[in-house]
file work.txt (compact mmCIF, N, CA and C atoms)
# COMPACT_ATOMS: atom_id res chain seq x y z
N MET A 89 0.85 -1.18 0.00
CA MET A 89 0.00 0.00 0.00
C MET A 89 0.90 1.24 0.00
N ASP A 90 0.64 2.12 -0.95
CA ASP A 90 1.46 3.33 -1.09
C ASP A 90 0.85 4.55 -0.42
N TYR A 91 -0.46 4.53 -0.17
CA TYR A 91 -1.16 5.70 0.34
C TYR A 91 -1.85 5.40 1.66
N LEU A 92 -1.76 6.33 2.58
CA LEU A 92 -2.45 6.25 3.85
C LEU A 92 -3.83 6.88 3.68
N PRO A 93 -4.90 6.13 3.92
CA PRO A 93 -6.23 6.73 3.78
C PRO A 93 -6.53 7.64 4.97
N ILE A 94 -6.58 8.93 4.69
CA ILE A 94 -6.85 9.92 5.73
C ILE A 94 -7.91 10.90 5.22
N THR A 95 -8.46 11.68 6.12
CA THR A 95 -9.39 12.72 5.76
C THR A 95 -8.72 14.05 6.11
N ILE A 96 -8.72 14.95 5.15
CA ILE A 96 -8.03 16.24 5.32
C ILE A 96 -9.06 17.34 5.55
N LYS A 97 -8.82 18.16 6.56
CA LYS A 97 -9.68 19.31 6.81
C LYS A 97 -9.40 20.37 5.74
N ILE A 98 -10.47 20.73 5.01
CA ILE A 98 -10.27 21.69 3.93
C ILE A 98 -10.98 23.02 4.17
N VAL A 99 -11.64 23.16 5.33
CA VAL A 99 -12.25 24.44 5.65
C VAL A 99 -11.13 25.48 5.70
N SER A 100 -11.28 26.53 4.96
CA SER A 100 -10.31 27.63 4.88
C SER A 100 -9.00 27.25 4.19
N ALA A 101 -8.92 26.05 3.61
CA ALA A 101 -7.71 25.67 2.89
C ALA A 101 -7.66 26.39 1.55
N ASN A 102 -6.47 26.74 1.12
CA ASN A 102 -6.26 27.36 -0.18
C ASN A 102 -6.02 26.23 -1.18
N ILE A 103 -7.04 25.93 -2.00
CA ILE A 103 -7.00 24.82 -2.93
C ILE A 103 -6.94 25.37 -4.35
N LEU A 104 -6.04 24.80 -5.15
CA LEU A 104 -5.88 25.22 -6.53
C LEU A 104 -6.04 24.03 -7.46
N ILE A 105 -6.79 24.24 -8.53
CA ILE A 105 -6.90 23.27 -9.62
C ILE A 105 -6.30 23.94 -10.85
N VAL A 106 -5.27 23.31 -11.42
CA VAL A 106 -4.67 23.83 -12.65
C VAL A 106 -5.15 22.95 -13.79
N GLY A 107 -5.91 23.54 -14.68
CA GLY A 107 -6.51 22.81 -15.79
C GLY A 107 -7.97 23.17 -15.87
N GLY A 108 -8.51 23.17 -17.07
CA GLY A 108 -9.89 23.57 -17.24
C GLY A 108 -10.69 22.66 -18.14
N GLY A 109 -10.16 21.47 -18.41
CA GLY A 109 -10.84 20.54 -19.31
C GLY A 109 -11.67 19.50 -18.59
N LYS A 110 -11.87 18.38 -19.26
CA LYS A 110 -12.75 17.32 -18.77
C LYS A 110 -12.28 16.73 -17.44
N VAL A 111 -11.00 16.41 -17.32
CA VAL A 111 -10.49 15.80 -16.10
C VAL A 111 -10.54 16.79 -14.94
N ALA A 112 -10.15 18.03 -15.18
CA ALA A 112 -10.22 19.06 -14.14
C ALA A 112 -11.67 19.28 -13.71
N THR A 113 -12.59 19.26 -14.66
CA THR A 113 -14.00 19.43 -14.34
C THR A 113 -14.48 18.29 -13.44
N HIS A 114 -14.10 17.08 -13.76
CA HIS A 114 -14.49 15.92 -12.94
C HIS A 114 -13.95 16.05 -11.52
N LYS A 115 -12.68 16.40 -11.38
CA LYS A 115 -12.08 16.57 -10.04
C LYS A 115 -12.77 17.70 -9.29
N ALA A 116 -13.06 18.78 -9.99
CA ALA A 116 -13.71 19.93 -9.35
C ALA A 116 -15.13 19.59 -8.90
N GLN A 117 -15.84 18.80 -9.68
CA GLN A 117 -17.19 18.40 -9.30
C GLN A 117 -17.17 17.57 -8.01
N ILE A 118 -16.19 16.71 -7.87
CA ILE A 118 -16.04 15.93 -6.64
C ILE A 118 -15.72 16.87 -5.48
N LEU A 119 -14.76 17.76 -5.70
CA LEU A 119 -14.34 18.70 -4.66
C LEU A 119 -15.50 19.60 -4.22
N ALA A 120 -16.35 19.97 -5.15
CA ALA A 120 -17.47 20.88 -4.85
C ALA A 120 -18.47 20.24 -3.88
N ARG A 121 -18.44 18.93 -3.73
CA ARG A 121 -19.31 18.27 -2.75
C ARG A 121 -18.82 18.51 -1.33
N PHE A 122 -17.59 19.02 -1.18
CA PHE A 122 -16.99 19.20 0.13
C PHE A 122 -16.68 20.65 0.47
N THR A 123 -16.52 21.49 -0.54
CA THR A 123 -16.16 22.89 -0.30
C THR A 123 -16.57 23.75 -1.50
N ASP A 124 -16.73 25.03 -1.23
CA ASP A 124 -16.95 25.97 -2.32
C ASP A 124 -15.75 26.91 -2.44
N GLN A 125 -14.67 26.55 -1.75
CA GLN A 125 -13.47 27.38 -1.72
C GLN A 125 -12.33 26.73 -2.50
N ALA A 126 -12.20 27.10 -3.75
CA ALA A 126 -11.07 26.65 -4.57
C ALA A 126 -10.92 27.64 -5.71
N THR A 127 -9.76 27.61 -6.32
CA THR A 127 -9.48 28.45 -7.47
C THR A 127 -9.07 27.55 -8.63
N VAL A 128 -9.55 27.88 -9.81
CA VAL A 128 -9.21 27.14 -11.03
C VAL A 128 -8.45 28.08 -11.95
N VAL A 129 -7.31 27.61 -12.44
CA VAL A 129 -6.50 28.39 -13.37
C VAL A 129 -6.28 27.57 -14.64
N ALA A 130 -6.65 28.13 -15.77
CA ALA A 130 -6.42 27.48 -17.07
C ALA A 130 -6.70 28.48 -18.18
N PRO A 131 -6.03 28.32 -19.31
CA PRO A 131 -6.30 29.22 -20.44
C PRO A 131 -7.74 29.12 -20.93
N GLU A 132 -8.32 27.90 -20.85
CA GLU A 132 -9.70 27.68 -21.24
C GLU A 132 -10.35 26.82 -20.16
N ILE A 133 -11.57 27.19 -19.76
CA ILE A 133 -12.27 26.49 -18.68
C ILE A 133 -13.65 26.09 -19.20
N THR A 134 -14.03 24.83 -18.99
CA THR A 134 -15.32 24.35 -19.46
C THR A 134 -16.46 25.10 -18.79
N ASP A 135 -17.59 25.16 -19.46
CA ASP A 135 -18.77 25.80 -18.89
C ASP A 135 -19.21 25.08 -17.61
N GLU A 136 -19.10 23.74 -17.59
CA GLU A 136 -19.47 22.97 -16.40
C GLU A 136 -18.61 23.37 -15.21
N LEU A 137 -17.35 23.60 -15.47
CA LEU A 137 -16.43 24.01 -14.40
C LEU A 137 -16.73 25.44 -13.95
N LYS A 138 -17.04 26.30 -14.89
CA LYS A 138 -17.40 27.68 -14.55
C LYS A 138 -18.68 27.73 -13.71
N ALA A 139 -19.55 26.76 -13.87
CA ALA A 139 -20.82 26.74 -13.14
C ALA A 139 -20.64 26.34 -11.67
N LEU A 140 -19.48 25.80 -11.32
CA LEU A 140 -19.22 25.41 -9.93
C LEU A 140 -18.91 26.66 -9.11
N PRO A 141 -18.99 26.56 -7.78
CA PRO A 141 -18.84 27.76 -6.95
C PRO A 141 -17.40 28.21 -6.71
N PHE A 142 -16.52 27.89 -7.63
CA PHE A 142 -15.11 28.21 -7.46
C PHE A 142 -14.74 29.48 -8.22
N GLN A 143 -13.67 30.11 -7.77
CA GLN A 143 -13.12 31.25 -8.50
C GLN A 143 -12.39 30.70 -9.71
N THR A 144 -12.60 31.29 -10.87
CA THR A 144 -11.91 30.85 -12.08
C THR A 144 -11.08 31.99 -12.66
N LYS A 145 -9.92 31.60 -13.17
CA LYS A 145 -9.03 32.57 -13.81
C LYS A 145 -8.60 31.97 -15.14
N GLU A 146 -9.13 32.52 -16.22
CA GLU A 146 -8.77 32.03 -17.54
C GLU A 146 -7.47 32.69 -17.98
N LYS A 147 -6.38 31.96 -17.71
CA LYS A 147 -5.05 32.46 -18.04
C LYS A 147 -4.09 31.28 -17.96
N ALA A 148 -2.91 31.46 -18.50
CA ALA A 148 -1.88 30.43 -18.39
C ALA A 148 -1.38 30.35 -16.96
N PHE A 149 -1.00 29.15 -16.53
CA PHE A 149 -0.43 28.95 -15.20
C PHE A 149 0.87 29.73 -15.07
N GLU A 150 1.06 30.34 -13.91
CA GLU A 150 2.31 31.01 -13.55
C GLU A 150 2.74 30.48 -12.19
N PRO A 151 4.04 30.36 -11.92
CA PRO A 151 4.49 29.87 -10.62
C PRO A 151 3.89 30.63 -9.44
N SER A 152 3.63 31.91 -9.60
CA SER A 152 3.04 32.69 -8.50
C SER A 152 1.63 32.23 -8.15
N ASP A 153 0.98 31.46 -9.04
CA ASP A 153 -0.35 30.91 -8.73
C ASP A 153 -0.28 29.95 -7.54
N LEU A 154 0.91 29.45 -7.24
CA LEU A 154 1.09 28.53 -6.12
C LEU A 154 1.25 29.23 -4.77
N ASP A 155 1.36 30.54 -4.78
CA ASP A 155 1.55 31.28 -3.52
C ASP A 155 0.41 30.99 -2.55
N GLY A 156 0.74 30.47 -1.38
CA GLY A 156 -0.24 30.21 -0.34
C GLY A 156 -1.08 28.96 -0.52
N VAL A 157 -0.87 28.23 -1.59
CA VAL A 157 -1.67 27.02 -1.86
C VAL A 157 -1.27 25.90 -0.90
N GLN A 158 -2.27 25.18 -0.41
CA GLN A 158 -2.04 24.06 0.50
C GLN A 158 -2.34 22.72 -0.14
N LEU A 159 -3.26 22.72 -1.11
CA LEU A 159 -3.68 21.49 -1.77
C LEU A 159 -3.83 21.78 -3.25
N LEU A 160 -3.22 20.95 -4.09
CA LEU A 160 -3.13 21.24 -5.51
C LEU A 160 -3.55 20.03 -6.34
N PHE A 161 -4.43 20.29 -7.32
CA PHE A 161 -4.80 19.29 -8.32
C PHE A 161 -4.26 19.79 -9.65
N VAL A 162 -3.43 18.98 -10.31
CA VAL A 162 -2.84 19.37 -11.60
C VAL A 162 -3.47 18.50 -12.67
N CYS A 163 -4.24 19.12 -13.56
CA CYS A 163 -5.02 18.37 -14.55
C CYS A 163 -4.99 19.07 -15.90
N THR A 164 -3.81 19.38 -16.41
CA THR A 164 -3.73 20.17 -17.64
C THR A 164 -3.89 19.36 -18.92
N GLY A 165 -3.64 18.06 -18.86
CA GLY A 165 -3.64 17.27 -20.08
C GLY A 165 -2.30 17.30 -20.80
N ASP A 166 -1.38 18.11 -20.31
CA ASP A 166 -0.03 18.22 -20.87
C ASP A 166 0.93 17.62 -19.84
N HIS A 167 1.41 16.41 -20.10
CA HIS A 167 2.22 15.69 -19.11
C HIS A 167 3.49 16.45 -18.71
N GLU A 168 4.12 17.11 -19.66
CA GLU A 168 5.33 17.88 -19.34
C GLU A 168 5.00 19.06 -18.43
N LEU A 169 3.94 19.78 -18.75
CA LEU A 169 3.52 20.91 -17.91
C LEU A 169 3.11 20.41 -16.52
N ASN A 170 2.36 19.30 -16.47
CA ASN A 170 1.98 18.71 -15.19
C ASN A 170 3.22 18.42 -14.34
N HIS A 171 4.24 17.84 -14.96
CA HIS A 171 5.48 17.51 -14.26
C HIS A 171 6.17 18.79 -13.76
N GLN A 172 6.22 19.81 -14.57
CA GLN A 172 6.85 21.07 -14.17
C GLN A 172 6.12 21.69 -12.98
N ILE A 173 4.78 21.68 -13.04
CA ILE A 173 3.99 22.23 -11.93
C ILE A 173 4.20 21.41 -10.67
N LYS A 174 4.24 20.09 -10.81
CA LYS A 174 4.48 19.21 -9.66
C LYS A 174 5.83 19.52 -9.02
N GLN A 175 6.86 19.75 -9.83
CA GLN A 175 8.19 20.08 -9.30
C GLN A 175 8.16 21.40 -8.53
N LEU A 176 7.50 22.40 -9.07
CA LEU A 176 7.38 23.69 -8.39
C LEU A 176 6.63 23.52 -7.06
N ALA A 177 5.58 22.71 -7.08
CA ALA A 177 4.80 22.48 -5.85
C ALA A 177 5.62 21.72 -4.82
N ALA A 178 6.41 20.76 -5.26
CA ALA A 178 7.25 19.98 -4.33
C ALA A 178 8.26 20.88 -3.63
N GLU A 179 8.82 21.84 -4.36
CA GLU A 179 9.76 22.79 -3.77
C GLU A 179 9.10 23.61 -2.67
N ARG A 180 7.79 23.79 -2.76
CA ARG A 180 7.03 24.59 -1.79
C ARG A 180 6.31 23.70 -0.76
N HIS A 181 6.54 22.39 -0.85
CA HIS A 181 5.92 21.43 0.08
C HIS A 181 4.39 21.47 0.01
N ILE A 182 3.85 21.58 -1.20
CA ILE A 182 2.40 21.60 -1.41
C ILE A 182 1.96 20.18 -1.77
N LEU A 183 0.96 19.67 -1.04
CA LEU A 183 0.41 18.36 -1.36
C LEU A 183 -0.24 18.44 -2.74
N THR A 184 0.16 17.51 -3.63
CA THR A 184 -0.25 17.60 -5.03
C THR A 184 -0.78 16.27 -5.55
N SER A 185 -1.87 16.37 -6.29
CA SER A 185 -2.40 15.24 -7.05
C SER A 185 -2.26 15.57 -8.52
N VAL A 186 -1.47 14.79 -9.22
CA VAL A 186 -1.32 14.97 -10.66
C VAL A 186 -2.26 13.97 -11.33
N CYS A 187 -3.34 14.49 -11.85
CA CYS A 187 -4.39 13.64 -12.40
C CYS A 187 -3.85 12.74 -13.50
N ASP A 188 -4.25 11.50 -13.45
CA ASP A 188 -3.86 10.47 -14.42
C ASP A 188 -2.37 10.13 -14.38
N ASP A 189 -1.70 10.43 -13.25
CA ASP A 189 -0.30 10.07 -13.10
C ASP A 189 0.00 9.76 -11.63
N PRO A 190 -0.49 8.62 -11.12
CA PRO A 190 -0.36 8.30 -9.70
C PRO A 190 1.08 8.34 -9.18
N ALA A 191 2.04 8.03 -10.01
CA ALA A 191 3.44 8.03 -9.57
C ALA A 191 3.88 9.43 -9.14
N GLN A 192 3.25 10.46 -9.66
CA GLN A 192 3.60 11.83 -9.33
C GLN A 192 2.79 12.40 -8.17
N CYS A 193 1.82 11.62 -7.65
CA CYS A 193 0.88 12.14 -6.66
C CYS A 193 1.38 12.01 -5.22
N ASP A 194 1.15 13.06 -4.45
CA ASP A 194 1.33 13.00 -3.00
C ASP A 194 0.07 12.43 -2.36
N PHE A 195 -1.06 12.61 -3.03
CA PHE A 195 -2.33 12.06 -2.57
C PHE A 195 -3.16 11.71 -3.79
N ILE A 196 -4.11 10.81 -3.60
CA ILE A 196 -5.02 10.44 -4.67
C ILE A 196 -6.45 10.57 -4.15
N SER A 197 -7.38 10.72 -5.06
CA SER A 197 -8.78 10.82 -4.69
C SER A 197 -9.42 9.45 -4.84
N PRO A 198 -9.99 8.92 -3.76
CA PRO A 198 -10.65 7.63 -3.85
C PRO A 198 -12.05 7.77 -4.45
N ALA A 199 -12.72 6.65 -4.66
CA ALA A 199 -14.13 6.67 -5.04
C ALA A 199 -14.91 6.99 -3.77
N ILE A 200 -15.72 8.04 -3.79
CA ILE A 200 -16.33 8.56 -2.58
C ILE A 200 -17.85 8.44 -2.63
N TYR A 201 -18.41 8.00 -1.53
CA TYR A 201 -19.86 8.06 -1.32
C TYR A 201 -20.08 8.97 -0.12
N ARG A 202 -20.93 9.96 -0.27
CA ARG A 202 -21.18 10.89 0.82
C ARG A 202 -22.68 11.06 1.01
N ASN A 203 -23.11 10.95 2.27
CA ASN A 203 -24.50 11.13 2.63
C ASN A 203 -24.52 11.80 4.00
N ASP A 204 -24.98 13.05 4.03
CA ASP A 204 -24.95 13.85 5.26
C ASP A 204 -23.52 13.90 5.79
N ASN A 205 -23.31 13.47 7.04
CA ASN A 205 -21.96 13.54 7.60
C ASN A 205 -21.21 12.21 7.48
N LEU A 206 -21.75 11.29 6.70
CA LEU A 206 -21.09 10.00 6.46
C LEU A 206 -20.36 10.06 5.13
N THR A 207 -19.08 9.77 5.17
CA THR A 207 -18.28 9.70 3.94
C THR A 207 -17.57 8.36 3.92
N ILE A 208 -17.75 7.65 2.81
CA ILE A 208 -17.08 6.36 2.62
C ILE A 208 -16.18 6.50 1.41
N ALA A 209 -14.92 6.17 1.59
CA ALA A 209 -13.93 6.28 0.52
C ALA A 209 -13.36 4.90 0.23
N VAL A 210 -13.31 4.56 -1.06
CA VAL A 210 -12.77 3.26 -1.47
C VAL A 210 -11.61 3.54 -2.42
N GLY A 211 -10.44 3.05 -2.06
CA GLY A 211 -9.26 3.29 -2.88
C GLY A 211 -8.53 2.01 -3.22
N SER A 212 -7.76 2.07 -4.27
CA SER A 212 -6.95 0.93 -4.71
C SER A 212 -5.53 1.37 -5.03
N ASP A 213 -5.09 2.45 -4.40
CA ASP A 213 -3.78 3.04 -4.72
C ASP A 213 -3.67 3.37 -6.21
N SER A 214 -4.81 3.69 -6.82
CA SER A 214 -4.92 4.01 -8.25
C SER A 214 -4.56 2.85 -9.16
N ARG A 215 -4.56 1.65 -8.62
CA ARG A 215 -4.22 0.48 -9.44
C ARG A 215 -5.43 -0.14 -10.11
N ASP A 216 -6.62 0.06 -9.53
CA ASP A 216 -7.84 -0.51 -10.10
C ASP A 216 -9.00 0.42 -9.79
N VAL A 217 -9.00 1.56 -10.44
CA VAL A 217 -9.98 2.61 -10.18
C VAL A 217 -11.40 2.11 -10.46
N LYS A 218 -11.57 1.39 -11.54
CA LYS A 218 -12.91 0.89 -11.89
C LYS A 218 -13.45 -0.04 -10.81
N ARG A 219 -12.60 -0.86 -10.23
CA ARG A 219 -13.04 -1.74 -9.14
C ARG A 219 -13.42 -0.92 -7.91
N SER A 220 -12.63 0.10 -7.60
CA SER A 220 -12.96 0.98 -6.47
C SER A 220 -14.34 1.60 -6.66
N ILE A 221 -14.63 2.02 -7.87
CA ILE A 221 -15.93 2.62 -8.16
C ILE A 221 -17.04 1.59 -8.01
N ARG A 222 -16.80 0.37 -8.50
CA ARG A 222 -17.81 -0.69 -8.34
C ARG A 222 -18.08 -0.99 -6.87
N VAL A 223 -17.03 -1.07 -6.06
CA VAL A 223 -17.19 -1.34 -4.62
C VAL A 223 -17.93 -0.19 -3.96
N ARG A 224 -17.54 1.04 -4.27
CA ARG A 224 -18.24 2.21 -3.72
C ARG A 224 -19.71 2.18 -4.08
N ASN A 225 -20.01 1.87 -5.34
CA ASN A 225 -21.41 1.83 -5.78
C ASN A 225 -22.19 0.72 -5.08
N ARG A 226 -21.54 -0.39 -4.84
CA ARG A 226 -22.20 -1.50 -4.13
C ARG A 226 -22.50 -1.09 -2.68
N ILE A 227 -21.56 -0.45 -2.02
CA ILE A 227 -21.79 0.03 -0.65
C ILE A 227 -22.94 1.03 -0.65
N LYS A 228 -22.95 1.93 -1.62
CA LYS A 228 -24.02 2.92 -1.74
C LYS A 228 -25.38 2.23 -1.87
N GLU A 229 -25.45 1.21 -2.73
CA GLU A 229 -26.71 0.46 -2.92
C GLU A 229 -27.14 -0.21 -1.62
N LEU A 230 -26.19 -0.83 -0.93
CA LEU A 230 -26.53 -1.51 0.32
C LEU A 230 -27.08 -0.53 1.36
N ILE A 231 -26.47 0.64 1.44
CA ILE A 231 -26.94 1.65 2.40
C ILE A 231 -28.32 2.16 1.99
N LYS A 232 -28.49 2.47 0.71
CA LYS A 232 -29.78 2.99 0.24
C LYS A 232 -30.90 1.97 0.40
N ASN A 233 -30.58 0.69 0.20
CA ASN A 233 -31.59 -0.36 0.33
C ASN A 233 -31.76 -0.82 1.78
N ASP A 234 -31.00 -0.16 2.66
CA ASP A 234 -31.06 -0.45 4.09
C ASP A 234 -30.69 -1.91 4.41
N THR A 235 -29.85 -2.51 3.56
CA THR A 235 -29.39 -3.87 3.83
C THR A 235 -28.01 -3.88 4.50
N LEU A 236 -27.40 -2.72 4.59
CA LEU A 236 -26.14 -2.59 5.31
C LEU A 236 -26.42 -1.71 6.53
N GLN A 237 -26.48 -2.31 7.67
CA GLN A 237 -26.77 -1.58 8.88
C GLN A 237 -25.50 -0.91 9.37
N ILE A 238 -25.53 0.41 9.49
CA ILE A 238 -24.34 1.14 9.92
C ILE A 238 -24.55 1.85 11.24
N ASP A 239 -25.72 1.72 11.82
CA ASP A 239 -25.97 2.36 13.12
C ASP A 239 -25.87 1.34 14.23
call {"tool": "encode", "arguments": {"input": "work.txt", "output": "structure tokens"}}
result
Amino acid sequence: MDYLPITIKIVSANILIVGGGKVATHKAQILARFTDQATVVAPEITDELKALPFQTKEKAFEPSDLDGVQLLFVCTGDHELNHQIKQLAAERHILTSVCDDPAQCDFISPAIYRNDNLTIAVGSDSRDVKRSIRVRNRIKELIKNDTLQID
């Protein structure tokens, strides 16, 4: 196991998403279930991403965008740029998830089921994401059908 499953307090955290395409939108949609405090930086940002409650800046990434950031999602679709941003973040000790490149990640996002104050996360160290999603969905079904007693 490469990753410790933990829950991070993100209230008042400075969160940055670099990228404005499909993958960044997906990550932002998940994040929006937990906070409305994040900033998105990309030259082009999808309408779906703009509709989320985050601040958006349509511009190219600059190293100064990392100032004060505590949690970073890098989802540009450009592997070289992702690597450069990850290096800059590492120099600043910023926890970073490089989307679609688990080897570069300080943290990964598991398959999440959330209902009120209950959060269930299923992870596979990014080795079998589809299985994690299937397990999460099965747990969700069991809870919804009241066949998994959790009280």
call {"tool": "select_by_dssp", "arguments": {"input": "work.txt", "residues": "chain A", "states": "helix (DSSP H, G or I)", "output": "ChimeraX atom specification"}}
result
/A:110-119,135-138,151-154,167-179,190-192,217-232
call {"tool": "select_by_dssp", "arguments": {"input": "work.txt", "residues": "chain A", "states": "strand (DSSP E)", "output": "MDAnalysis selection string"}}
result
chainID A and resid 103:106 127:130 143:146 159:162 183:186 199:203 206:210
call {"tool": "atom_distance", "arguments": {"input": "work.txt", "atom1": "CA of Val162 (chain A)", "atom2": "atom C of Val106 (chain A)"}}
result
4.8 Å
call {"tool": "residues_around", "arguments": {"input": "work.txt", "residues": "region 111-127 of chain A", "least_positions_apart": "4", "cutoff": "10 Å", "atoms": "only C-alpha atoms", "output": "PyMOL selection string"}}
result
chain A and resi 97-107+133-145+153+157+159-165+187-188+197+199-200+202
call {"tool": "write_last_selection", "arguments": {"input": "work.txt", "atoms": "N, CA and C atoms", "output": "short mmCIF file (atom, residue, chain, number, x, y, z; two decimals), keeping the file's coordinate frame"}}
result
data_model
loop_
_atom_site.label_atom_id
_atom_site.label_comp_id
_atom_site.auth_asym_id
_atom_site.auth_seq_id
_atom_site.Cartn_x
_atom_site.Cartn_y
_atom_site.Cartn_z
N LYS A 97 -8.82 18.16 6.56
CA LYS A 97 -9.68 19.31 6.81
C LYS A 97 -9.40 20.37 5.74
N ILE A 98 -10.47 20.73 5.01
CA ILE A 98 -10.27 21.69 3.93
C ILE A 98 -10.98 23.02 4.17
N VAL A 99 -11.64 23.16 5.33
CA VAL A 99 -12.25 24.44 5.65
C VAL A 99 -11.13 25.48 5.70
N SER A 100 -11.28 26.53 4.96
CA SER A 100 -10.31 27.63 4.88
C SER A 100 -9.00 27.25 4.19
N ALA A 101 -8.92 26.05 3.61
CA ALA A 101 -7.71 25.67 2.89
C ALA A 101 -7.66 26.39 1.55
N ASN A 102 -6.47 26.74 1.12
CA ASN A 102 -6.26 27.36 -0.18
C ASN A 102 -6.02 26.23 -1.18
N ILE A 103 -7.04 25.93 -2.00
CA ILE A 103 -7.00 24.82 -2.93
C ILE A 103 -6.94 25.37 -4.35
N LEU A 104 -6.04 24.80 -5.15
CA LEU A 104 -5.88 25.22 -6.53
C LEU A 104 -6.04 24.03 -7.46
N ILE A 105 -6.79 24.24 -8.53
CA ILE A 105 -6.90 23.27 -9.62
C ILE A 105 -6.30 23.94 -10.85
N VAL A 106 -5.27 23.31 -11.42
CA VAL A 106 -4.67 23.83 -12.65
C VAL A 106 -5.15 22.95 -13.79
N GLY A 107 -5.91 23.54 -14.68
CA GLY A 107 -6.51 22.81 -15.79
C GLY A 107 -7.97 23.17 -15.87
N ILE A 133 -11.57 27.19 -19.76
CA ILE A 133 -12.27 26.49 -18.68
C ILE A 133 -13.65 26.09 -19.20
N THR A 134 -14.03 24.83 -18.99
CA THR A 134 -15.32 24.35 -19.46
C THR A 134 -16.46 25.10 -18.79
N ASP A 135 -17.59 25.16 -19.46
CA ASP A 135 -18.77 25.80 -18.89
C ASP A 135 -19.21 25.08 -17.61
N GLU A 136 -19.10 23.74 -17.59
CA GLU A 136 -19.47 22.97 -16.40
C GLU A 136 -18.61 23.37 -15.21
N LEU A 137 -17.35 23.60 -15.47
CA LEU A 137 -16.43 24.01 -14.40
C LEU A 137 -16.73 25.44 -13.95
N LYS A 138 -17.04 26.30 -14.89
CA LYS A 138 -17.40 27.68 -14.55
C LYS A 138 -18.68 27.73 -13.71
N ALA A 139 -19.55 26.76 -13.87
CA ALA A 139 -20.82 26.74 -13.14
C ALA A 139 -20.64 26.34 -11.67
N LEU A 140 -19.48 25.80 -11.32
CA LEU A 140 -19.22 25.41 -9.93
C LEU A 140 -18.91 26.66 -9.11
N PRO A 141 -18.99 26.56 -7.78
CA PRO A 141 -18.84 27.76 -6.95
C PRO A 141 -17.40 28.21 -6.71
N PHE A 142 -16.52 27.89 -7.63
CA PHE A 142 -15.11 28.21 -7.46
C PHE A 142 -14.74 29.48 -8.22
N GLN A 143 -13.67 30.11 -7.77
CA GLN A 143 -13.12 31.25 -8.50
C GLN A 143 -12.39 30.70 -9.71
N THR A 144 -12.60 31.29 -10.87
CA THR A 144 -11.91 30.85 -12.08
C THR A 144 -11.08 31.99 -12.66
N LYS A 145 -9.92 31.60 -13.17
CA LYS A 145 -9.03 32.57 -13.81
C LYS A 145 -8.60 31.97 -15.14
N ASP A 153 0.98 31.46 -9.04
CA ASP A 153 -0.35 30.91 -8.73
C ASP A 153 -0.28 29.95 -7.54
N VAL A 157 -0.87 28.23 -1.59
CA VAL A 157 -1.67 27.02 -1.86
C VAL A 157 -1.27 25.90 -0.90
N LEU A 159 -3.26 22.72 -1.11
CA LEU A 159 -3.68 21.49 -1.77
C LEU A 159 -3.83 21.78 -3.25
N LEU A 160 -3.22 20.95 -4.09
CA LEU A 160 -3.13 21.24 -5.51
C LEU A 160 -3.55 20.03 -6.34
N PHE A 161 -4.43 20.29 -7.32
CA PHE A 161 -4.80 19.29 -8.32
C PHE A 161 -4.26 19.79 -9.65
N VAL A 162 -3.43 18.98 -10.31
CA VAL A 162 -2.84 19.37 -11.60
C VAL A 162 -3.47 18.50 -12.67
N CYS A 163 -4.24 19.12 -13.56
CA CYS A 163 -5.02 18.37 -14.55
C CYS A 163 -4.99 19.07 -15.90
N THR A 164 -3.81 19.38 -16.41
CA THR A 164 -3.73 20.17 -17.64
C THR A 164 -3.89 19.36 -18.92
N GLY A 165 -3.64 18.06 -18.86
CA GLY A 165 -3.64 17.27 -20.08
C GLY A 165 -2.30 17.30 -20.80
N CYS A 187 -3.34 14.49 -11.85
CA CYS A 187 -4.39 13.64 -12.40
C CYS A 187 -3.85 12.74 -13.50
N ASP A 188 -4.25 11.50 -13.45
CA ASP A 188 -3.86 10.47 -14.42
C ASP A 188 -2.37 10.13 -14.38
N SER A 197 -7.38 10.72 -5.06
CA SER A 197 -8.78 10.82 -4.69
C SER A 197 -9.42 9.45 -4.84
N ALA A 199 -12.72 6.65 -4.66
CA ALA A 199 -14.13 6.67 -5.04
C ALA A 199 -14.91 6.99 -3.77
N ILE A 200 -15.72 8.04 -3.79
CA ILE A 200 -16.33 8.56 -2.58
C ILE A 200 -17.85 8.44 -2.63
N ARG A 202 -20.93 9.96 -0.27
CA ARG A 202 -21.18 10.89 0.82
C ARG A 202 -22.68 11.06 1.01
#
call {"tool": "atom_distance", "arguments": {"input": "work.txt", "atom1": "CA of Thr184 (chain A)", "atom2": "CA of Asp204 (chain A)"}}
result
27.0 Å
call {"tool": "residues_around", "arguments": {"input": "work.txt", "residues": "Lys174 (chain A)", "least_positions_apart": "5", "cutoff": "8 Å", "atoms": "only N, CA and C atoms", "output": "PyMOL selection string"}}
result
chain A and resi 162+168-169+179-180+184-186+192
call {"tool": "write_last_selection", "arguments": {"input": "work.txt", "atoms": "N, CA and C atoms", "output": "short mmCIF file (atom, residue, chain, number, x, y, z; two decimals), in the coordinates of the input"}}
result
data_model
loop_
_atom_site.label_atom_id
_atom_site.label_comp_id
_atom_site.auth_asym_id
_atom_site.auth_seq_id
_atom_site.Cartn_x
_atom_site.Cartn_y
_atom_site.Cartn_z
N VAL A 162 -3.43 18.98 -10.31
CA VAL A 162 -2.84 19.37 -11.60
C VAL A 162 -3.47 18.50 -12.67
N GLU A 168 4.12 17.11 -19.66
CA GLU A 168 5.33 17.88 -19.34
C GLU A 168 5.00 19.06 -18.43
N LEU A 169 3.94 19.78 -18.75
CA LEU A 169 3.52 20.91 -17.91
C LEU A 169 3.11 20.41 -16.52
N GLU A 179 8.82 21.84 -4.36
CA GLU A 179 9.76 22.79 -3.77
C GLU A 179 9.10 23.61 -2.67
N ARG A 180 7.79 23.79 -2.76
CA ARG A 180 7.03 24.59 -1.79
C ARG A 180 6.31 23.70 -0.76
N THR A 184 0.16 17.51 -3.63
CA THR A 184 -0.25 17.60 -5.03
C THR A 184 -0.78 16.27 -5.55
N SER A 185 -1.87 16.37 -6.29
CA SER A 185 -2.40 15.24 -7.05
C SER A 185 -2.26 15.57 -8.52
N VAL A 186 -1.47 14.79 -9.22
CA VAL A 186 -1.32 14.97 -10.66
C VAL A 186 -2.26 13.97 -11.33
N GLN A 192 3.25 10.46 -9.66
CA GLN A 192 3.60 11.83 -9.33
C GLN A 192 2.79 12.40 -8.17
#
